[in-house]
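Peer 1: If it helps, the file is called entry.tsv and holds TSV, C-alpha atoms:
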```
chain	number	residue	atom	x	y	z
U	1	MET	CA	-3.86	1.48	23.57
U	2	GLN	CA	-5.62	4.86	23.42
U	3	GLN	CA	-9.37	4.67	22.89
U	4	ASP	CA	-10.75	6.54	19.87
U	5	LYS	CA	-12.59	9.72	20.73
U	6	PRO	CA	-16.36	9.78	20.14
U	7	ARG	CA	-17.40	11.68	17.02
U	8	LEU	CA	-19.97	14.47	17.05
U	9	ILE	CA	-21.51	16.25	14.06
U	10	VAL	CA	-22.83	19.79	14.56
U	11	PHE	CA	-25.37	21.12	12.07
U	12	GLY	CA	-25.69	24.88	12.42
U	13	ALA	CA	-22.26	25.43	13.94
U	14	THR	CA	-22.17	29.15	13.08
U	15	GLY	CA	-25.55	30.01	14.60
U	16	ASN	CA	-26.12	31.75	17.92
U	17	THR	CA	-26.28	28.42	19.76
U	18	GLY	CA	-24.07	26.31	17.51
U	19	ARG	CA	-21.05	28.58	17.88
U	20	HIS	CA	-20.93	27.63	21.57
U	21	VAL	CA	-21.19	23.88	20.99
U	22	ILE	CA	-17.77	23.32	19.44
U	23	PRO	CA	-15.59	25.14	22.02
U	24	TYR	CA	-17.31	23.12	24.74
U	25	ALA	CA	-17.41	19.76	22.95
U	26	LEU	CA	-13.71	19.60	22.07
U	27	PRO	CA	-12.43	19.74	25.68
U	28	GLN	CA	-15.04	17.12	26.60
U	29	GLY	CA	-13.18	14.65	24.39
U	30	TYR	CA	-15.20	14.76	21.19
U	31	LYS	CA	-13.93	14.78	17.64
U	32	VAL	CA	-16.20	17.34	16.01
U	33	ARG	CA	-17.34	17.72	12.41
U	34	ALA	CA	-18.89	21.15	11.82
U	35	PHE	CA	-21.36	21.16	8.94
U	36	VAL	CA	-21.62	24.76	7.71
U	37	ARG	CA	-22.56	26.74	4.64
U	38	SER	CA	-19.63	29.11	5.14
U	39	PRO	CA	-16.33	27.78	6.54
U	40	ASP	CA	-14.92	31.33	6.53
U	41	LYS	CA	-17.69	32.45	8.85
U	42	LEU	CA	-16.81	29.67	11.30
U	43	ARG	CA	-13.10	30.53	11.15
U	44	ALA	CA	-13.91	34.15	11.91
U	45	MET	CA	-15.83	33.10	15.02
U	46	MET	CA	-13.35	30.80	16.69
U	47	ASN	CA	-9.95	29.18	16.57
U	48	THR	CA	-10.41	26.25	14.21
U	49	ASP	CA	-6.79	25.08	14.39
U	50	ASN	CA	-7.54	21.86	16.23
U	51	GLN	CA	-6.80	18.35	15.00
U	52	ASP	CA	-10.10	17.16	16.48
U	53	LEU	CA	-12.16	19.66	14.49
U	54	GLU	CA	-13.16	19.05	10.88
U	55	ILE	CA	-15.02	21.66	8.85
U	56	TYR	CA	-17.46	20.26	6.29
U	57	GLN	CA	-19.03	22.69	3.85
U	58	GLY	CA	-22.50	21.80	2.70
U	59	ASP	CA	-26.18	22.62	2.38
U	60	LEU	CA	-28.76	20.88	4.55
U	61	GLN	CA	-31.14	20.76	1.60
U	62	ASP	CA	-28.61	18.67	-0.38
U	63	LYS	CA	-29.26	15.09	0.67
U	64	GLU	CA	-26.03	13.66	-0.73
U	65	GLN	CA	-23.92	16.22	1.10
U	66	VAL	CA	-25.72	15.44	4.35
U	67	LEU	CA	-25.39	11.68	3.83
U	68	ASN	CA	-21.64	12.06	3.30
U	69	ALA	CA	-21.30	14.26	6.37
U	70	CYS	CA	-22.87	11.57	8.57
U	71	SER	CA	-20.20	8.99	7.69
U	72	ASP	CA	-16.97	7.94	9.43
U	73	GLY	CA	-18.42	6.53	12.62
U	74	ALA	CA	-20.18	9.51	14.16
U	75	GLU	CA	-22.01	8.71	17.39
U	76	HIS	CA	-24.06	11.82	18.00
U	77	ILE	CA	-25.53	14.76	16.11
U	78	ILE	CA	-26.44	18.17	17.47
U	79	PHE	CA	-28.90	19.94	15.17
U	80	VAL	CA	-29.16	23.64	16.01
U	81	ALA	CA	-29.43	24.94	12.46
U	82	GLY	CA	-31.70	27.69	11.22
U	83	LEU	CA	-32.66	28.76	7.74
U	84	PRO	CA	-30.49	31.36	5.97
U	85	ASN	CA	-31.00	34.82	7.44
U	86	PHE	CA	-33.68	33.38	9.77
U	87	LYS	CA	-36.34	33.91	7.08
U	88	TRP	CA	-39.09	31.95	8.76
U	89	HIS	CA	-41.82	32.81	6.27
U	90	LYS	CA	-44.22	30.93	4.08
U	91	GLN	CA	-41.72	30.45	1.24
U	92	THR	CA	-39.49	28.34	3.49
U	93	ARG	CA	-42.30	26.15	4.81
U	94	GLY	CA	-41.10	22.56	5.04
U	95	ALA	CA	-37.41	23.34	4.56
U	96	MET	CA	-36.48	22.46	8.13
U	97	LEU	CA	-38.39	19.19	8.01
U	98	GLN	CA	-36.62	18.27	4.77
U	99	ALA	CA	-33.26	19.07	6.35
U	100	VAL	CA	-34.07	16.82	9.30
U	101	LYS	CA	-35.21	14.04	6.98
U	102	ASN	CA	-31.88	14.29	5.16
U	103	VAL	CA	-30.01	14.02	8.45
U	104	HIS	CA	-32.22	11.11	9.52
U	105	ALA	CA	-31.38	9.28	6.29
U	106	GLY	CA	-27.69	9.84	6.99
U	107	MET	CA	-28.08	8.52	10.53
U	108	VAL	CA	-29.82	5.37	9.34
U	109	LYS	CA	-27.27	4.76	6.59
U	110	HIS	CA	-24.24	5.27	8.83
U	111	GLN	CA	-25.73	4.01	12.12
U	112	VAL	CA	-25.41	7.25	14.07
U	113	LYS	CA	-26.77	6.70	17.57
U	114	LYS	CA	-28.67	9.86	18.53
U	115	ILE	CA	-29.62	13.35	17.43
U	116	LEU	CA	-30.36	16.38	19.60
U	117	TYR	CA	-32.80	18.82	18.01
U	118	LEU	CA	-33.39	22.39	19.18
U	119	ALA	CA	-37.07	23.36	19.05
U	120	GLY	CA	-38.89	25.91	21.21
U	121	THR	CA	-41.12	26.15	24.25
U	122	PRO	CA	-44.31	26.59	22.14
U	123	ASN	CA	-43.74	23.20	20.49
U	124	PRO	CA	-45.58	20.57	22.54
U	125	ALA	CA	-44.46	17.01	23.01
U	126	PRO	CA	-46.90	14.35	21.78
U	127	GLN	CA	-50.11	14.32	23.84
U	128	GLN	CA	-48.89	17.33	25.82
U	129	LYS	CA	-51.38	20.08	26.62
U	130	LEU	CA	-49.76	23.49	26.69
U	131	SER	CA	-50.39	25.67	29.72
U	132	ILE	CA	-52.31	28.93	29.38
U	133	GLY	CA	-49.05	30.84	29.74
U	134	ILE	CA	-47.36	28.95	26.89
U	135	LYS	CA	-50.46	29.30	24.72
U	136	MET	CA	-50.30	33.07	25.25
U	137	LEU	CA	-46.58	33.04	24.40
U	138	LYS	CA	-47.30	31.08	21.24
U	139	LEU	CA	-50.00	33.55	20.24
U	140	PHE	CA	-47.60	36.46	20.85
U	141	LEU	CA	-44.91	34.86	18.69
U	142	ILE	CA	-47.37	34.26	15.87
U	143	VAL	CA	-49.26	37.55	15.93
U	144	CYS	CA	-46.52	39.99	16.95
U	145	LEU	CA	-43.39	38.39	15.53
U	146	GLY	CA	-44.79	36.45	12.59
U	147	ASP	CA	-43.12	33.29	13.84
U	148	GLN	CA	-45.83	30.86	12.76
U	149	TRP	CA	-43.75	29.14	10.09
U	150	ASN	CA	-40.93	28.45	12.53
U	151	ILE	CA	-43.36	27.01	15.06
U	152	ARG	CA	-45.15	24.90	12.44
U	153	ASP	CA	-41.89	23.55	11.03
U	154	ASN	CA	-40.75	22.54	14.51
U	155	ASP	CA	-44.12	20.86	15.12
U	156	ASP	CA	-43.63	18.91	11.88
U	157	VAL	CA	-40.15	17.83	12.95
U	158	ILE	CA	-41.41	16.64	16.32
U	159	GLU	CA	-44.17	14.64	14.63
U	160	PHE	CA	-41.59	13.12	12.31
U	161	PHE	CA	-39.32	12.03	15.15
U	162	THR	CA	-42.15	10.36	17.01
U	163	SER	CA	-43.40	8.58	13.87
U	164	GLN	CA	-40.10	6.79	13.20
U	165	ASN	CA	-38.26	4.14	15.20
U	166	LYS	CA	-34.88	3.96	13.47
U	167	VAL	CA	-32.91	6.60	15.36
U	168	ASN	CA	-32.87	7.92	18.92
U	169	TYR	CA	-33.44	11.59	19.59
U	170	VAL	CA	-33.75	14.23	22.27
U	171	VAL	CA	-35.67	17.45	21.65
U	172	ILE	CA	-34.80	20.44	23.84
U	173	ARG	CA	-37.22	23.35	24.19
U	174	PRO	CA	-35.82	26.47	25.85
U	175	LEU	CA	-37.94	29.51	26.59
U	176	PHE	CA	-36.18	32.62	25.26
U	177	LEU	CA	-32.51	32.85	24.40
U	178	PHE	CA	-30.37	35.93	24.91
U	179	GLY	CA	-26.74	36.93	25.31
U	180	GLN	CA	-23.45	35.18	24.73
U	181	THR	CA	-22.28	35.10	28.37
U	182	GLN	CA	-21.89	31.91	30.35
U	183	ARG	CA	-24.24	32.21	33.31
U	184	HIS	CA	-25.51	28.86	34.56
U	185	GLN	CA	-25.06	25.13	34.07
U	186	LEU	CA	-28.43	24.14	32.70
U	187	ARG	CA	-30.32	20.92	33.36
U	188	ALA	CA	-33.20	19.06	31.80
U	189	SER	CA	-36.59	19.91	33.28
U	190	ASN	CA	-40.20	18.79	33.02
U	191	THR	CA	-41.38	22.38	33.44
U	192	VAL	CA	-40.65	25.55	31.50
U	193	GLY	CA	-37.54	27.27	32.77
U	194	PRO	CA	-36.33	30.87	32.63
U	195	MET	CA	-34.63	32.66	29.76
U	196	VAL	CA	-31.14	31.27	29.16
U	197	SER	CA	-28.06	32.38	27.26
U	198	PHE	CA	-26.96	30.92	23.94
U	199	THR	CA	-23.67	29.94	25.57
U	200	ASP	CA	-25.33	27.97	28.35
U	201	LEU	CA	-27.67	26.25	25.91
U	202	GLY	CA	-24.81	25.24	23.60
U	203	GLN	CA	-22.98	23.65	26.49
U	204	PHE	CA	-26.14	21.93	27.73
U	205	ALA	CA	-26.69	20.48	24.25
U	206	VAL	CA	-23.32	18.71	24.39
U	207	ARG	CA	-24.14	17.18	27.76
U	208	ALA	CA	-27.71	16.29	26.79
U	209	VAL	CA	-26.89	14.47	23.55
U	210	GLY	CA	-24.77	11.99	25.50
U	211	ASP	CA	-27.24	11.60	28.38
U	212	GLU	CA	-28.88	8.18	28.13
U	213	SER	CA	-31.69	9.25	30.46
U	214	LEU	CA	-32.90	11.65	27.76
U	215	VAL	CA	-33.23	9.12	24.94
U	216	ASN	CA	-36.42	9.81	22.96
U	217	LYS	CA	-37.45	12.56	25.37
U	218	PHE	CA	-38.75	16.10	25.00
U	219	THR	CA	-37.31	18.37	27.64
U	220	TYR	CA	-37.39	21.94	28.76
U	221	VAL	CA	-34.25	23.48	30.20
U	222	SER	CA	-33.75	25.14	33.56
U	223	LYS	CA	-31.00	26.43	35.85
```
What does the file become when written as structure tokens?
Peer 2:
Amino acid sequence: MQQDKPRLIVFGATGNTGRHVIPYALPQGYKVRAFVRSPDKLRAMMNTDNQDLEIYQGDLQDKEQVLNACSDGAEHIIFVAGLPNFKWHKQTRGAMLQAVKNVHAGMVKHQVKKILYLAGTPNPAPQQKLSIGIKMLKLFLIVCLGDQWNIRDNDDVIEFFTSQNKVNYVVIRPLFLFGQTQRHQLRASNTVGPMVSFTDLGQFAVRAVGDESLVNKFTYVSK
């Protein structure tokens, strides 16, 4: 008797990282549900004619849609979503945390095992003191790029994960992301790694979400 394939839900499947999760996850034996705002955008990015891929149209701010998406025996979730048009400004403050809370509620309701969340290097783990170099990077992102709302939202999400005990999680924190070319097989690291490609990070996310050694951990990524 053939064993059922594990089910994976990808939130943010059309983003720079998410678009590389599905093509890697399917050959690894996952049945994938891609939660997207625009199914047409996903179809334009990749071949979606696969019996193990289901496209689910929805909005992360709609709790009922998220709850429904987390059903049907999913084991893992990869959350690599961003806000529409990457508008990380004051008006969107709290939107990412609300999206994660919606997903968390779906995980609790449908007993999903673990979620992988993509944050950033400037987001410290609990009780972690950032190095001088990372503090300078954080200041650059805030002052020069206006990225403070993104950083604060990710900090809120990390605080939320550590304050609950109903679902398992892994938070990955790459340095900078660039390019769509496969370059290296990444690994979890206790120290800040180099810049990595979106492709490599998407593939690492699939491996990391199923890695039991990373349960409830905050990790950097390295080559």
Peer 1: Taking every listed atom of segment 111-124 of chain U and adding 4 Å to each side, what centre and edge lengths in Å (one decimal) does the axis-aligned box have, as JSON?
Peer 2:
```
{"center_x": -35.5, "center_y": 15.3, "center_z": 18.2, "size_x": 28.2, "size_y": 30.6, "size_z": 20.1}
```
Peer 1: Ranking U:Pro39, U:Ala125, U:Ala205, U:Pro6 by minimum distance to Val112 of chain U and counting only C-alpha atoms, which one comes first?
Peer 2: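 Of the candidates, the smallest distance to Val112 of chain U is held by U:Pro6.
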Peer 1: Considering all atoms listed in the file, tabulate each residue of segment 104-195 of chain U that lies at most 12 Å from segment 58-65 of chain U along with its nearest interatomic pair and the corresponding distance in Å to one decimal; arrange the rows by chain and ascending residue number and present them as a Markdown table.
Peer 2:
```
| residue | atom | partner | partner_atom | distance |
| --- | --- | --- | --- | --- |
| U:His104 | CA | U:Lys63 | CA | 10.1 |
| U:Ala105 | CA | U:Lys63 | CA | 8.4 |
| U:Gly106 | CA | U:Lys63 | CA | 8.4 |
| U:Met107 | CA | U:Lys63 | CA | 11.9 |
| U:Lys109 | CA | U:Glu64 | CA | 11.6 |
```
Peer 1: Between U:Gly73, U:Gly94, U:Pro122, U:Gly18, which residue has the minimum interatomic distance to Met46 of chain U, considering only C-alpha atoms?
Peer 2: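 Among U:Gly73, U:Gly94, U:Pro122, U:Gly18, it is U:Gly18 that comes nearest to Met46 of chain U.
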Peer 1: Just how far from atom CA of Val215 of chain U is atom CA of Ile172 of chain U, in Å to one decimal?
Peer 2: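 Separating atom CA of Ile172 of chain U from atom CA of Val215 of chain U is a distance of 11.5 Å.
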Peer 1: I'd like the contact shell of Pro174 of chain U - 8 Å cut-off, all atoms listed in the file, skipping same-chain residues fewer than 6 positions apart - returned as a compact mmCIF listing (two decimals) with C-alpha atoms, in the frame of the given file.
Peer 2:
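Saved the output as selection.txt:
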```txt
# COMPACT_ATOMS: atom_id res chain seq x y z
CA ALA U 119 -37.07 23.36 19.05
CA GLY U 120 -38.89 25.91 21.21
CA THR U 121 -41.12 26.15 24.25
CA VAL U 192 -40.65 25.55 31.50
CA GLY U 193 -37.54 27.27 32.77
CA MET U 195 -34.63 32.66 29.76
CA VAL U 196 -31.14 31.27 29.16
CA TYR U 220 -37.39 21.94 28.76
CA VAL U 221 -34.25 23.48 30.20
```
Peer 1: Taking (-24.6, 30.8, 18.4) in the file's own coordinates, collect the residues within 10 Å, counting all atoms listed in the file, and hand them back as a PyMOL selection string.
Peer 2: chain U and resi 12-21+45+80-81+179-180+197-199+201-202
Peer 1: Identify which of the residues U:Glu75, U:Ile115, U:Val10, U:Ala99 lies closest to Ile55 of chain U, counting only C-alpha atoms when measuring atom-to-atom distances.
Peer 2: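 Nearest candidate to Ile55 of chain U out of U:Glu75, U:Ile115, U:Val10, U:Ala99: U:Val10.
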Peer 1: List as an MDAnalysis selection string the protein and nucleic acid residues near Arg7 of chain U, meaning an atom at most 7 Å away when all atoms listed in the file are counted, but skip any in the same chain fewer than 2 places from it.
Peer 2: chainID U and resid 5 9 30:32 73:76
Peer 1: Kindly indicate which residue among U:Ile22, U:Gln98, U:Leu186, U:Gln28 lies nearest to Asn47 of chain U, using all atoms listed in the file for the distances.
Peer 2: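 Comparing U:Ile22, U:Gln98, U:Leu186, U:Gln28 against Asn47 of chain U, the winner is U:Ile22.
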Peer 1: Which one of U:Asn50, U:Ser222, U:Asn190, U:Asn102 sits closest to Asn68 of chain U if you count only C-alpha atoms?
Peer 2: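 Of U:Asn50, U:Ser222, U:Asn190, U:Asn102, the one nearest Asn68 of chain U is U:Asn102, counting only C-alpha atoms.
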Peer 1: Which residues, written as a PyMOL selection string, have at least one atom at most 9 Å from Gln57 of chain U, with all atoms listed in the file counted and residues fewer than 4 positions away on the same chain left out?
Peer 2: chain U and resi 34-39+65
Peer 1: Return the single residue from U:Ala69, U:Asn123, U:Phe218, U:Pro27 that is closest to Val206 of chain U, with distances computed using all atoms listed in the file.
Peer 2: U:Pro27
Peer 1: I'd like the neighbourhood of Gln164 of chain U as a PyMOL selection string, where a residue qualifies if any of its atoms comes within 12 Å (using only C-alpha atoms), though same-chain residues fewer than 2 positions away should be ignored.
Peer 2: chain U and resi 101+104-105+108+157-162+166-169+216
Peer 1: Could you tell me how far atom CA of Met96 of chain U lies from atom CA of Cys144 of chain U, in Å and to one decimal?
Peer 2: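 About the pair atom CA of Met96 of chain U and atom CA of Cys144 of chain U: they are 22.0 Å apart.
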